[in-house]
Each structure stands twice: as C-alpha cells, then as structure tokens.
$ cat run-v1.tsv   # TSV, C-alpha atoms
chain	number	residue	atom	x	y	z
A	9	MET	CA	32.45	-24.48	-32.77
A	10	ASP	CA	29.47	-24.52	-30.43
A	11	ILE	CA	31.56	-25.91	-27.56
A	12	ARG	CA	34.25	-23.33	-28.19
A	13	SER	CA	31.66	-20.54	-28.23
A	14	VAL	CA	30.20	-21.70	-24.92
A	15	THR	CA	33.67	-21.98	-23.38
A	16	THR	CA	34.61	-18.51	-24.59
A	17	THR	CA	31.37	-17.07	-23.22
A	18	LEU	CA	31.89	-18.68	-19.82
A	19	LYS	CA	35.45	-17.38	-19.66
A	20	GLY	CA	34.10	-13.93	-20.38
A	21	PHE	CA	31.64	-14.21	-17.51
A	22	PHE	CA	34.40	-15.12	-15.05
A	23	ASN	CA	37.03	-12.76	-16.41
A	24	LEU	CA	38.20	-10.76	-13.38
A	25	SER	CA	40.83	-8.97	-15.46
A	26	ASP	CA	38.17	-6.90	-17.18
A	27	ARG	CA	38.33	-3.29	-15.88
A	28	ARG	CA	41.14	-4.28	-13.54
A	29	ALA	CA	43.25	-1.49	-12.09
A	30	ARG	CA	46.99	-1.47	-12.65
A	31	TYR	CA	49.02	-3.67	-10.36
A	32	ARG	CA	50.74	-0.55	-9.03
A	33	THR	CA	47.34	0.98	-8.17
A	34	ILE	CA	46.20	-2.18	-6.39
A	35	ARG	CA	49.39	-2.26	-4.34
A	36	LYS	CA	49.02	1.43	-3.47
A	37	ARG	CA	45.43	0.94	-2.31
A	38	ILE	CA	46.40	-2.03	-0.17
A	39	HIS	CA	49.30	-0.16	1.46
A	40	GLU	CA	47.16	2.91	2.15
A	41	GLY	CA	44.42	0.75	3.70
A	42	ALA	CA	46.92	-0.83	6.09
A	43	LYS	CA	48.44	2.44	7.34
A	44	ILE	CA	47.94	3.27	11.03
A	45	ASP	CA	47.93	6.92	12.07
A	46	GLY	CA	46.12	9.14	14.55
A	47	ILE	CA	42.94	9.36	12.47
A	48	HIS	CA	42.91	5.59	12.01
A	49	ILE	CA	43.22	4.97	15.76
A	50	CYS	CA	40.48	7.51	16.57
A	51	GLN	CA	38.15	5.79	14.10
A	52	LEU	CA	39.00	2.43	15.65
A	53	ILE	CA	38.25	3.57	19.21
A	54	ALA	CA	35.02	5.29	18.13
A	55	ALA	CA	33.87	2.19	16.23
A	56	MET	CA	34.68	-0.05	19.20
A	57	LEU	CA	32.78	2.21	21.59
A	58	ILE	CA	29.71	2.25	19.33
A	59	ALA	CA	29.87	-1.54	18.96
A	60	SER	CA	30.20	-1.99	22.73
A	61	ILE	CA	27.13	0.14	23.36
A	62	GLY	CA	25.23	-1.67	20.61
A	63	LEU	CA	26.01	-5.10	22.07
A	64	ASN	CA	25.31	-3.83	25.58
A	65	ILE	CA	21.79	-2.61	24.78
A	66	ASP	CA	21.07	-5.11	21.98
A	67	SER	CA	20.99	-2.42	19.27
A	68	THR	CA	21.50	-3.83	15.78
A	69	GLU	CA	21.64	-0.33	14.30
A	70	ALA	CA	24.59	0.69	16.48
A	71	ILE	CA	26.45	-2.53	15.66
A	72	ILE	CA	26.02	-2.00	11.92
A	73	GLY	CA	27.23	1.59	12.33
A	74	SER	CA	30.40	0.39	14.05
A	75	MET	CA	31.11	-2.02	11.18
A	76	LEU	CA	30.88	0.81	8.66
A	77	ILE	CA	33.32	2.97	10.65
A	78	CYS	CA	35.80	0.26	11.60
A	79	PRO	CA	38.98	0.24	9.44
A	80	LEU	CA	40.10	-3.33	10.27
A	81	MET	CA	39.30	-4.66	6.80
A	82	GLY	CA	42.26	-2.80	5.29
A	83	SER	CA	44.76	-4.69	7.43
A	84	VAL	CA	43.18	-8.07	6.67
A	85	LEU	CA	43.35	-7.44	2.92
A	86	ALA	CA	46.95	-6.24	3.35
A	87	MET	CA	47.91	-9.57	4.94
A	88	ALA	CA	46.21	-11.39	2.06
A	89	TYR	CA	48.20	-9.31	-0.42
A	90	ALA	CA	51.46	-10.02	1.41
A	91	ILE	CA	50.76	-13.77	1.29
A	92	ALA	CA	49.74	-13.71	-2.38
A	93	THR	CA	52.92	-11.84	-3.37
A	94	ILE	CA	55.13	-13.63	-0.77
A	95	ASP	CA	56.26	-10.21	0.45
A	96	GLY	CA	57.74	-11.10	3.84
A	97	ARG	CA	58.53	-7.55	4.89
A	98	PHE	CA	55.04	-6.26	4.12
A	99	MET	CA	53.58	-9.30	5.89
A	100	ARG	CA	55.48	-8.49	9.09
A	101	GLU	CA	54.36	-4.85	8.93
A	102	SER	CA	50.75	-5.84	8.30
A	103	VAL	CA	50.66	-8.38	11.13
A	104	MET	CA	52.25	-5.96	13.60
A	105	GLY	CA	49.78	-3.23	12.64
A	106	PHE	CA	46.87	-5.65	12.93
A	107	VAL	CA	47.98	-6.80	16.39
A	108	VAL	CA	48.22	-3.18	17.55
A	109	GLN	CA	44.65	-2.57	16.34
A	110	ILE	CA	43.38	-5.69	18.13
A	111	VAL	CA	45.00	-4.54	21.40
A	112	ILE	CA	43.41	-1.08	21.08
A	113	CYS	CA	40.00	-2.63	20.36
A	114	LEU	CA	40.20	-5.03	23.30
A	115	LEU	CA	41.35	-2.32	25.70
A	116	THR	CA	38.45	-0.08	24.64
A	117	SER	CA	35.74	-2.74	24.87
A	118	THR	CA	37.10	-4.32	28.07
A	119	LEU	CA	37.22	-0.95	29.79
A	120	TYR	CA	33.70	-0.09	28.66
A	121	PHE	CA	32.15	-3.35	29.88
A	122	ALA	CA	34.14	-3.24	33.12
A	123	LEU	CA	32.62	0.18	33.88
A	124	SER	CA	29.15	-0.36	32.39
A	125	PRO	CA	26.33	-0.85	34.93
A	126	LEU	CA	24.65	-3.24	32.46
A	127	SER	CA	26.58	-6.51	32.50
A	128	ARG	CA	23.91	-8.87	31.18
A	129	THR	CA	24.53	-11.16	28.23
A	130	THR	CA	22.34	-9.92	25.36
A	131	SER	CA	21.23	-11.85	22.29
A	132	GLU	CA	23.69	-9.88	20.11
A	133	LEU	CA	26.56	-10.87	22.39
A	134	LEU	CA	25.61	-14.53	22.14
A	135	THR	CA	25.19	-14.31	18.36
A	136	ASN	CA	28.70	-12.89	17.97
A	137	SER	CA	30.44	-15.45	20.15
A	138	SER	CA	29.73	-18.66	18.23
A	139	ALA	CA	31.48	-19.56	14.97
A	140	THR	CA	29.84	-21.88	12.45
A	141	ILE	CA	30.44	-23.03	8.90
A	142	TRP	CA	28.07	-20.30	7.77
A	143	ASP	CA	30.45	-17.72	9.22
A	144	VAL	CA	33.29	-19.34	7.28
A	145	MET	CA	31.31	-19.12	4.04
A	146	ILE	CA	30.32	-15.49	4.64
A	147	ALA	CA	33.89	-14.48	5.51
A	148	PHE	CA	35.29	-16.26	2.44
A	149	ALA	CA	32.74	-14.68	0.11
A	150	GLY	CA	33.27	-11.28	1.74
A	151	GLY	CA	37.03	-11.44	1.31
A	152	PHE	CA	36.61	-12.55	-2.30
A	153	VAL	CA	34.29	-9.66	-3.16
A	154	GLY	CA	36.30	-7.17	-1.10
A	155	GLU	CA	39.46	-7.89	-3.05
A	156	ILE	CA	37.58	-7.67	-6.34
A	157	ALA	CA	36.52	-4.18	-5.27
A	158	TYR	CA	40.10	-3.20	-4.47
A	159	SER	CA	41.26	-4.41	-7.86
A	160	ARG	CA	38.81	-2.38	-9.99
A	161	LYS	CA	39.60	0.88	-11.76
A	162	GLN	CA	36.84	2.74	-9.97
A	163	GLU	CA	37.00	3.58	-6.25
A	164	PRO	CA	35.93	0.59	-4.13
A	165	SER	CA	34.46	2.43	-1.11
A	166	THR	CA	30.77	1.50	-1.53
A	167	LEU	CA	31.34	-2.20	-2.10
A	168	VAL	CA	33.97	-2.45	0.65
A	169	ALA	CA	31.51	-0.86	3.11
A	170	GLY	CA	28.99	-3.58	2.29
A	171	VAL	CA	31.62	-6.27	2.74
A	172	ALA	CA	32.57	-4.81	6.13
A	173	VAL	CA	28.96	-5.18	7.32
A	174	ALA	CA	28.59	-8.71	5.93
A	175	THR	CA	31.79	-10.13	7.39
A	176	SER	CA	31.36	-8.76	10.94
A	177	LEU	CA	34.90	-8.21	12.16
A	178	MET	CA	34.03	-5.74	14.90
A	179	PRO	CA	31.19	-7.43	16.92
A	180	PRO	CA	33.09	-10.68	17.75
A	181	LEU	CA	36.10	-8.66	18.89
A	182	CYS	CA	33.80	-6.50	20.99
A	183	SER	CA	32.20	-9.63	22.49
A	184	THR	CA	35.70	-10.76	23.43
A	185	GLY	CA	36.11	-7.50	25.35
A	186	PHE	CA	32.79	-8.17	27.10
A	187	GLY	CA	34.01	-11.57	28.24
A	188	MET	CA	37.28	-10.11	29.49
A	189	GLY	CA	35.56	-7.19	31.22
A	190	THR	CA	33.01	-9.37	33.00
A	191	GLY	CA	35.30	-12.34	33.71
A	192	ASP	CA	33.43	-14.68	31.34
A	193	TRP	CA	36.52	-16.25	29.75
A	194	VAL	CA	34.61	-19.02	27.97
A	195	LEU	CA	32.60	-16.44	26.05
A	196	ALA	CA	35.74	-14.38	25.44
A	197	ILE	CA	37.62	-17.32	23.90
A	198	ALA	CA	34.62	-18.36	21.78
A	199	ALA	CA	34.12	-14.80	20.48
A	200	PHE	CA	37.82	-14.35	19.72
A	201	TYR	CA	37.83	-17.62	17.79
A	202	LYS	CA	34.92	-16.34	15.69
A	203	PHE	CA	36.86	-13.13	15.07
A	204	LEU	CA	39.92	-15.11	13.93
A	205	ILE	CA	37.75	-17.32	11.71
A	206	ASN	CA	36.47	-14.21	9.96
A	207	VAL	CA	40.00	-12.82	9.58
A	208	VAL	CA	41.46	-16.07	8.22
A	209	PHE	CA	38.76	-16.69	5.61
A	210	ILE	CA	38.44	-13.06	4.54
A	211	ALA	CA	42.17	-13.16	3.83
A	212	PHE	CA	41.81	-16.56	2.13
A	213	GLY	CA	39.07	-15.31	-0.19
A	214	ALA	CA	41.05	-12.16	-1.01
A	215	GLU	CA	44.21	-14.17	-1.70
A	216	ILE	CA	42.39	-16.30	-4.27
A	217	VAL	CA	41.38	-13.19	-6.21
A	218	LEU	CA	44.95	-11.86	-6.17
A	219	VAL	CA	46.34	-15.17	-7.41
A	220	TRP	CA	43.59	-15.29	-10.05
A	221	LEU	CA	44.66	-11.84	-11.24
A	222	HIS	CA	48.31	-12.96	-11.39
A	223	VAL	CA	49.50	-10.15	-9.12
A	224	PRO	CA	53.32	-10.00	-9.48
A	225	LEU	CA	55.36	-11.83	-6.86
A	226	MET	CA	58.08	-10.18	-4.81
A	227	GLU	CA	60.97	-11.70	-6.74
A	228	ASP	CA	63.83	-9.50	-5.48
A	229	LEU	CA	64.59	-11.87	-2.64
A	230	ASN	CA	67.95	-10.44	-1.58
A	231	GLY	CA	66.89	-6.80	-1.94
A	232	ASP	CA	69.68	-5.76	-4.33
A	233	GLY	CA	67.29	-4.37	-6.95
A	234	VAL	CA	68.18	-7.06	-9.50
A	235	ILE	CA	65.97	-10.09	-10.25
A	236	THR	CA	67.89	-13.09	-11.49
A	237	ARG	CA	66.53	-16.29	-13.07
A	238	GLU	CA	67.32	-18.15	-9.88
A	239	GLU	CA	65.35	-15.65	-7.80
A	240	HIS	CA	62.43	-15.83	-10.22
A	241	ALA	CA	62.32	-19.64	-10.03
A	242	GLU	CA	62.72	-19.61	-6.24
A	243	ALA	CA	59.92	-17.05	-5.85
A	244	ILE	CA	57.52	-19.22	-7.86
A	245	GLU	CA	58.42	-22.33	-5.88
A	246	ARG	CA	58.10	-20.47	-2.59
A	247	SER	CA	54.72	-19.14	-3.70
A	248	TRP	CA	53.36	-22.65	-4.29
A	249	HIS	CA	54.64	-23.82	-0.89
A	250	VAL	CA	53.07	-20.83	0.88
A	251	HIS	CA	49.71	-21.24	-0.86
A	252	ARG	CA	49.52	-24.95	-0.03
A	253	ARG	CA	50.29	-24.24	3.62
A	254	VAL	CA	47.68	-21.49	3.74
A	255	ILE	CA	45.01	-23.82	2.36
A	256	ILE	CA	45.87	-26.63	4.78
A	257	CYS	CA	46.13	-24.37	7.84
A	258	SER	CA	42.88	-22.56	7.00
A	259	LEU	CA	40.96	-25.82	6.67
A	260	MET	CA	42.41	-27.14	9.93
A	261	PHE	CA	41.55	-23.90	11.72
A	262	ALA	CA	37.91	-24.31	10.66
A	263	ILE	CA	37.57	-27.82	12.16
A	264	PRO	CA	35.94	-26.60	15.43
A	265	CYS	CA	33.34	-24.80	13.29
A	266	VAL	CA	32.34	-28.14	11.80
A	267	PHE	CA	31.61	-29.63	15.24
A	268	ILE	CA	29.69	-26.52	16.34
A	269	THR	CA	27.62	-26.57	13.16
A	270	ALA	CA	26.97	-30.31	13.51
A	271	SER	CA	25.70	-29.72	17.03
A	272	ILE	CA	23.34	-26.96	15.83
A	273	VAL	CA	22.04	-29.07	12.96
A	274	GLY	CA	21.61	-32.04	15.29
A	275	ARG	CA	19.46	-30.00	17.66
A	276	ALA	CA	17.39	-28.77	14.72
A	277	MET	CA	16.84	-32.31	13.48
A	278	ASP	CA	15.83	-33.53	16.93
A	279	GLN	CA	13.58	-30.46	17.34
A	280	GLU	CA	14.41	-30.40	21.01
A	281	GLU	CA	15.28	-26.69	21.08
A	282	PRO	CA	15.36	-23.77	18.64
A	283	VAL	CA	18.49	-23.45	16.54
A	284	PHE	CA	18.76	-19.71	16.96
A	285	GLN	CA	17.54	-17.46	19.71
A	286	ALA	CA	14.13	-16.02	18.97
A	287	ARG	CA	13.69	-12.30	18.38
A	288	ASP	CA	12.72	-10.36	21.52
A	289	GLU	CA	9.29	-9.37	20.19
A	290	PHE	CA	8.17	-7.95	23.55
A	291	GLN	CA	11.30	-5.75	23.98
A	292	THR	CA	12.05	-7.49	27.27
A	293	GLN	CA	15.64	-6.27	27.49
A	294	TYR	CA	14.75	-2.63	26.90
A	295	THR	CA	11.88	-2.74	29.39
A	296	THR	CA	14.12	-4.33	32.00
A	297	TYR	CA	16.69	-1.56	31.62
A	298	GLU	CA	13.97	1.08	31.97
A	299	LEU	CA	12.49	-0.57	35.07
A	300	GLU	CA	15.92	-0.77	36.69
A	301	ALA	CA	16.31	2.97	36.14
A	302	VAL	CA	12.91	4.13	37.42
A	303	CYS	CA	12.20	1.63	40.20
A	304	PRO	CA	14.81	1.18	43.00
A	305	LYS	CA	12.86	-1.80	44.37
A	306	PHE	CA	12.89	-3.64	41.03
A	307	VAL	CA	14.13	-7.28	41.02
A	308	ALA	CA	13.05	-8.96	37.76
A	309	TYR	CA	10.74	-8.65	34.77
A	310	SER	CA	9.30	-11.21	32.35
A	311	VAL	CA	6.60	-11.27	29.69
A	312	GLY	CA	5.09	-14.01	27.55
A	313	GLU	CA	1.98	-15.65	26.19
A	314	LEU	CA	-0.11	-17.82	28.52
A	315	GLU	CA	-3.03	-20.03	27.56
A	316	SER	CA	-6.26	-19.68	29.53
A	317	TYR	CA	-9.85	-20.88	29.15
A	318	ASP	CA	-12.37	-18.20	28.24
A	319	THR	CA	-15.71	-19.23	29.72
A	320	ASP	CA	-17.62	-16.66	27.65
A	321	LYS	CA	-16.22	-17.97	24.34
A	322	SER	CA	-15.86	-21.56	25.59
A	323	GLU	CA	-12.39	-21.87	24.10
A	324	VAL	CA	-8.72	-21.67	25.01
A	325	VAL	CA	-7.20	-18.25	24.28
A	326	GLU	CA	-3.69	-16.86	24.51
A	327	ARG	CA	-3.09	-13.80	26.67
A	328	VAL	CA	0.04	-11.66	26.93
A	329	VAL	CA	0.99	-11.47	30.60
A	330	ALA	CA	3.80	-9.44	32.14
A	331	THR	CA	5.23	-10.06	35.61
A	332	VAL	CA	7.15	-7.45	37.60
A	333	GLN	CA	8.95	-8.62	40.73
A	334	THR	CA	10.02	-6.13	43.39
A	335	SER	CA	11.69	-6.38	46.80
A	336	GLU	CA	8.91	-4.39	48.48
A	337	GLU	CA	5.23	-3.71	47.91
A	338	LEU	CA	4.62	-0.82	45.48
A	339	SER	CA	2.04	1.92	45.87
A	340	GLN	CA	-0.87	2.10	43.47
A	341	GLU	CA	0.65	5.14	41.78
A	342	GLN	CA	3.95	3.31	41.23
A	343	LYS	CA	2.12	0.32	39.79
A	344	GLU	CA	0.25	2.54	37.34
A	345	GLN	CA	3.49	4.21	36.23
A	346	ILE	CA	5.18	0.85	35.67
A	347	GLU	CA	2.17	-0.53	33.79
A	348	ALA	CA	2.19	2.53	31.49
A	349	LEU	CA	5.92	2.01	30.83
A	350	VAL	CA	5.43	-1.70	30.05
A	351	ARG	CA	2.54	-0.98	27.67
A	352	LEU	CA	4.79	1.32	25.64
A	353	ASN	CA	6.84	-1.74	24.61
A	354	VAL	CA	4.07	-4.36	24.76
A	355	SER	CA	1.12	-2.80	22.95
A	356	ASP	CA	-1.06	-5.97	23.11
A	357	LEU	CA	-0.53	-6.54	26.84
A	358	ASP	CA	-3.55	-8.18	28.52
A	359	THR	CA	-2.47	-8.43	32.14
A	360	ILE	CA	0.36	-7.22	34.36
A	361	ARG	CA	1.14	-8.91	37.68
A	362	PHE	CA	3.16	-7.54	40.57
A	363	GLU	CA	5.00	-9.91	42.93
A	364	VAL	CA	7.06	-9.22	46.02
A	365	VAL	CA	10.13	-11.47	46.32
A	366	GLU	CA	13.27	-11.58	48.39
A	367	GLU	CA	16.45	-10.47	46.60
A	368	GLU	CA	19.14	-13.14	46.41
$ encode --input "run-v1.tsv" --output "structure tokens"
Amino acid sequence: MDIRSVTTTLKGFFNLSDRRARYRTIRKRIHEGAKIDGIHICQLIAAMLIASIGLNIDSTEAIIGSMLICPLMGSVLAMAYAIATIDGRFMRESVMGFVVQIVICLLTSTLYFALSPLSRTTSELLTNSSATIWDVMIAFAGGFVGEIAYSRKQEPSTLVAGVAVATSLMPPLCSTGFGMGTGDWVLAIAAFYKFLINVVFIAFGAEIVLVWLHVPLMEDLNGDGVITREEHAEAIERSWHVHRRVIICSLMFAIPCVFITASIVGRAMDQEEPVFQARDEFQTQYTTYELEAVCPKFVAYSVGELESYDTDKSEVVERVVATVQTSEELSQEQKEQIEALVRLNVSDLDTIRFEVVEEE
C-alpha cells in the first residue's frame, strides 16, 4: 500500500492533464498563433529593428524588448503541433509561414546593418552566434514549458512571454543579418545554426508535451470526412515513424553543439583563456561610440587596470588608465572635454593618456 501511495502521489505531481484546456481550444490557440497578417508582419519588423539596434550598441534591454514583441514562437509551436498530430497540411502551412517570417527578419536586419555606421562586432553579437549544449537544454525546456502554457485553461500570455525571452529566437536571427550585412559569412552561418538549434529543440520539447497529453491524431487521411479502422491504424503507425525520425534527426542536428561545448569546456579546464567574454565594466563600447561622434580626429580608445609601484606606500597598486589615440594633436580644451566624457563612464579613472598615431 505504501508503494502504491507513493506511485499515485508521483503521478499526481506529473499529471499534465490537470486543468488542461479542451483539445479544440488547444488547436485553436495554435492556429491563431501561426497566422500571418499585416499586424503580425509589423510586429516582426519592429522587433527585428529593436533587436538590431540592441545588438549594434550592446544593449541587453533592447534585445529583451525585441524578444517580448517577436511573434516567432507561435509558428514554432504550430510546427510542433503539426508533427505531434501528423497533420501534413498544417505542417506545410506552418513551414511556409515560418520561412516567410525568416525572410522578412533577415531582410530587415541585413538592411539595417548594411546602412548602420557602426559595424563593429559587439559582445552581444558574439554571444548570439555560438550554439552550445546549454542552448539545446534551454530551448528544449522552453518549448516544453511553452506548450504546457498553451494547453492550460487559463490564457498563456504571461508564461509564453517568459519562454520567448529564455529561448532567444530573435537575437541569433538578427546576428545572421549582421553577418550578411557586413559580409562576415562565418558569423552569419554560426548564428543561423544557433537559431535553427533553438527552433528544433523548442519544437521537440513542445511535441513531447502534446504527445504526453494524447492530442488526437489527424486520422482522416484521405480527407473524405470518414475515419475507418484502417486509417486509424495507419495514423498510429505513421505517428510512431514520424516521432522516431524527429528524435533521431534532432539528436544528429545537435552534434556540432557537442564539439563546440567540448572545446569551451576544454579551454576552461586548461585555464588558458576565459570561457565567456567578460562584462565590459568600463563601458568601453559606449565610450568609443561617443568619442567617434564628438572627435573627428579619433582613432582608437582603450581602458584597463595597470599595476604600478607606489613609492609613498612602498607597494604595488592597480590604477585604471585610459588611452585615447588620435590622428592629430588635440588642443588642451579638446583634451579636457574628452577626459570629462571618459570619466562619465569610468568613475574610478586614475589617468588618461593621449597618443597621436597614423591611421591605417
């Protein structure tokens, strides 16, 4: 009796059918989320523009905002639903709609980065152009939770918004546009692979929930409105074949992630270089953009901590030193203006140096 009680309790904990919406409601939500109209396209372009600006100026806030606006998640969950129910017609419609959205996103981001005067690779761009096993796990968990939200009786908007931020569909696609707009095709391919990894495993996680909930299969295979025993048996068999292929193909698609992750872990174990790029604590990127705008003679800017020996204290101390390189000598007034600008972003600045160099 004790074992049965424990088993019953555990089943209750993992019972996804509790407070489940009707199958008809789930299907309606999925279909509505996959629809593409004028409002949908406007949201897509606006989200892509915000993401492009966020990646361009290294603004995490703007990138998160674009994820909340972007409606791509609906199409991904629609493809998962089509696979889970082996609905071939809905699958074709979902894939075509998703491809159209990808083209619109890439055109928007590519055009922005082609016209943007700032073409430098920021830390956010690099972060969103490398797929690892951790991305696979996040995408899978996000798809799993996202489909649970769609299957509840209550409206799923709040939870789906959180899933959209966690799974990051928009930034990798935007990074692909950056690579295309600047001619960096290696970065473009890497970013697009990360985008596809997110799509595949979001759909995979969502499909598992739908199968778990026993969502009805599309059994009317010939479209005559009548479901025969033969069609029922064929639909079940086809479902098992499709699910096996999805599992195998998804795992094979993630193989490059394994090698990338192994390389990252190997570097961490060797301690030869940091695993992830450090946070720009001195706001170097922002200061560089500002100097480019206010100083026509500006060439380069850097800031960091340097060790020096303090004779008064008889010890080695660390000082924050900034270096501004220009093509010509600056006046004293210009140097004071630049120093004041730098100190706005580097409050603990000790020294600022000005160097005259030849532009390459």
$ residues_near_point --input "run-v1.tsv" --point "(34.2, -9.1, 25.8)" --cutoff "10 Å" --atoms "all atoms listed in the file" --output "PDB file with C-alpha atoms, in the coordinates of the input"
ATOM      1  CA  SER A  60      30.200  -1.990  22.730  1.00  0.00           C
ATOM      2  CA  LEU A  63      26.010  -5.100  22.070  1.00  0.00           C
ATOM      3  CA  LEU A 114      40.200  -5.030  23.300  1.00  0.00           C
ATOM      4  CA  LEU A 115      41.350  -2.320  25.700  1.00  0.00           C
ATOM      5  CA  SER A 117      35.740  -2.740  24.870  1.00  0.00           C
ATOM      6  CA  THR A 118      37.100  -4.320  28.070  1.00  0.00           C
ATOM      7  CA  LEU A 119      37.220  -0.950  29.790  1.00  0.00           C
ATOM      8  CA  TYR A 120      33.700  -0.090  28.660  1.00  0.00           C
ATOM      9  CA  PHE A 121      32.150  -3.350  29.880  1.00  0.00           C
ATOM     10  CA  ALA A 122      34.140  -3.240  33.120  1.00  0.00           C
ATOM     11  CA  LEU A 133      26.560 -10.870  22.390  1.00  0.00           C
ATOM     12  CA  SER A 137      30.440 -15.450  20.150  1.00  0.00           C
ATOM     13  CA  PRO A 179      31.190  -7.430  16.920  1.00  0.00           C
ATOM     14  CA  PRO A 180      33.090 -10.680  17.750  1.00  0.00           C
ATOM     15  CA  LEU A 181      36.100  -8.660  18.890  1.00  0.00           C
ATOM     16  CA  CYS A 182      33.800  -6.500  20.990  1.00  0.00           C
ATOM     17  CA  SER A 183      32.200  -9.630  22.490  1.00  0.00           C
ATOM     18  CA  THR A 184      35.700 -10.760  23.430  1.00  0.00           C
ATOM     19  CA  GLY A 185      36.110  -7.500  25.350  1.00  0.00           C
ATOM     20  CA  PHE A 186      32.790  -8.170  27.100  1.00  0.00           C
ATOM     21  CA  GLY A 187      34.010 -11.570  28.240  1.00  0.00           C
ATOM     22  CA  MET A 188      37.280 -10.110  29.490  1.00  0.00           C
ATOM     23  CA  GLY A 189      35.560  -7.190  31.220  1.00  0.00           C
ATOM     24  CA  THR A 190      33.010  -9.370  33.000  1.00  0.00           C
ATOM     25  CA  GLY A 191      35.300 -12.340  33.710  1.00  0.00           C
ATOM     26  CA  ASP A 192      33.430 -14.680  31.340  1.00  0.00           C
ATOM     27  CA  TRP A 193      36.520 -16.250  29.750  1.00  0.00           C
ATOM     28  CA  LEU A 195      32.600 -16.440  26.050  1.00  0.00           C
ATOM     29  CA  ALA A 196      35.740 -14.380  25.440  1.00  0.00           C
ATOM     30  CA  ILE A 197      37.620 -17.320  23.900  1.00  0.00           C
ATOM     31  CA  ALA A 199      34.120 -14.800  20.480  1.00  0.00           C
ATOM     32  CA  PHE A 200      37.820 -14.350  19.720  1.00  0.00           C
TER      33      PHE A 200
END
$ residues_around --input "run-v1.tsv" --residues "Asp143 (chain A)" --least-positions-apart "2" --cutoff "9 Å" --atoms "all atoms listed in the file" --output "list in words"
Ala139, Thr140, Ile141, Met145, Ile146, Ala147, Phe148, Thr175, Lys202, Ile205, Asn206 and Cys265 of chain A
$ closest_residue --input "run-v1.tsv" --among "A:Ser258, A:Pro125, A:Val217, A:Pro79" --to "Ala54 (chain A)" --atoms "all atoms listed in the file"
A:Pro79
$ residues_around --input "run-v1.tsv" --residues "Ser25 (chain A)" --least-positions-apart "4" --cutoff "9 Å" --atoms "all atoms listed in the file" --output "list in words"
Ala29, Ser159, Arg160, Trp220 and Leu221 of chain A
$ closest_residue --input "run-v1.tsv" --among "A:Cys78, A:Val273, A:Met226, A:Leu126" --to "Ala301 (chain A)" --atoms "all atoms listed in the file"
A:Leu126
$ residues_around --input "run-v1.tsv" --residues "region 352-368 of chain A" --least-positions-apart "4" --cutoff "8 Å" --atoms "all atoms listed in the file" --output "ChimeraX atom specification"
/A:290-291,295,307,327-337,343,347-348
$ atom_distance --input "run-v1.tsv" --atom1 "CA of Glu69 (chain A)" --atom2 "CA of Val111 (chain A)"
24.8 Å
$ closest_residue --input "run-v1.tsv" --among "A:Asp66, A:Ala86, A:Thr116, A:Ala149" --to "Leu134 (chain A)" --atoms "only C-alpha atoms"
A:Asp66
$ closest_residue --input "run-v1.tsv" --among "A:Ile235, A:Arg30, A:Gln293, A:Glu300" --to "Ser67 (chain A)" --atoms "all atoms listed in the file"
A:Gln293
$ residues_near_point --input "run-v1.tsv" --point "(39.8, -12.5, -2.7)" --cutoff "7 Å" --atoms "all atoms listed in the file" --output "MDAnalysis selection string"
chainID A and resid 151:156 211:218
$ atom_distance --input "run-v1.tsv" --atom1 "CA of Leu314 (chain A)" --atom2 "CA of Glu326 (chain A)"
5.5 Å
$ axis_aligned_box --input "run-v1.tsv" --around "region 247-252 of chain A" --padding-each-side "8 Å" --output "lines of an AutoDock Vina configuration file"
center_x = 52.1
center_y = -22.0
center_z = -1.7
size_x = 21.2
size_y = 21.8
size_z = 21.2
$ residues_around --input "run-v1.tsv" --residues "Ala90 (chain A)" --least-positions-apart "4" --cutoff "12 Å" --atoms "only C-alpha atoms" --output "VMD selection string"
chain A and resid 35 38 to 39 42 83 to 86 94 to 103 211 to 212 214 to 215 218 to 219 223 to 226 247 250 to 251
$ atom_distance --input "run-v1.tsv" --atom1 "CA of Glu227 (chain A)" --atom2 "CA of Ala243 (chain A)"
5.5 Å
$ closest_residue --input "run-v1.tsv" --among "A:Phe209, A:Gln345, A:Thr296, A:His222" --to "Met260 (chain A)" --atoms "only C-alpha atoms"
A:Phe209
$ closest_residue --input "run-v1.tsv" --among "A:Asp228, A:Phe106, A:Val254, A:Trp248" --to "Val208 (chain A)" --atoms "all atoms listed in the file"
A:Val254
